[in-house]
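Participant: Next up is a structure, given as structure tokens.
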Amino acid sequence: GNKLLLSSFNAVESVWRSIAAIGQVNDFKTVTRFRLIEDAKFERVGPDGRLKHAGFEEESFSNKAA
């Protein structure tokens, strides 16, 4: 069972690596991170190829190493 689970896990693409990064901290101070959030409804794309129904915003949050 474990071999099947591991092979299935490894077979899935790691798409998140193409749009995100693993962050590092040098000390225990608070750091601010940013992420992209979307407010989109899935609708058919028009002939011009534009997503008129999608909006993207930036959100920030703070955390620190423990």
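Just so we're on the same page: first chain in the structure tokens is A, next is B, and so on; residues restart at 1 for each chain, and ligands are numbered from 1 in the order they show up.
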Just list as a list in words whatever in chain A DSSP marks as helix (DSSP H, G or I).
Facilitator: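 So the helix (DSSP H, G or I) residues in chain A would be Asn2, Lys3, Leu4, Leu5, Leu6, Ser7, Ser8, Phe9, Asn10, Ala11, Trp16, Arg17, Ser18 and Ile19 of chain A.
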Participant: Can you tell me, as JSON, numbers by chain, what residues are no more than 10 Å from range 24-39 of chain A when counting only C-alpha atoms, ignoring any on the same chain fewer than 3 positions away?
Facilitator: {"A": [19, 20, 21, 42, 53, 54, 55, 56, 57, 58, 59, 60, 61, 62, 63, 64, 65, 66]}
Participant: In Å to one decimal, how far is CA of Val15 in chain A from CA of Arg44 in chain A?
Facilitator: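 Pair CA of Arg44 in chain A / CA of Val15 in chain A returns 23.4 Å.
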Participant: How many Å lie between CA of Ser14 in chain A and CA of Asn2 in chain A, rounded to one decimal?
Facilitator: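 Taking CA of Ser14 in chain A and CA of Asn2 in chain A, their separation equals 20.1 Å.
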Participant: Have a look at CA of Asp48 in chain A and CA of Ser18 in chain A and let me know their distance in Å, one decimal.
Facilitator: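 Going from CA of Asp48 in chain A over to CA of Ser18 in chain A, I get 26.1 Å.
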Participant: If DSSP is run on the backbone, what residues of chain A are strand (DSSP E or B)? A reply as a ChimeraX atom specification would be ideal.
Facilitator: /A:31-40,54-63
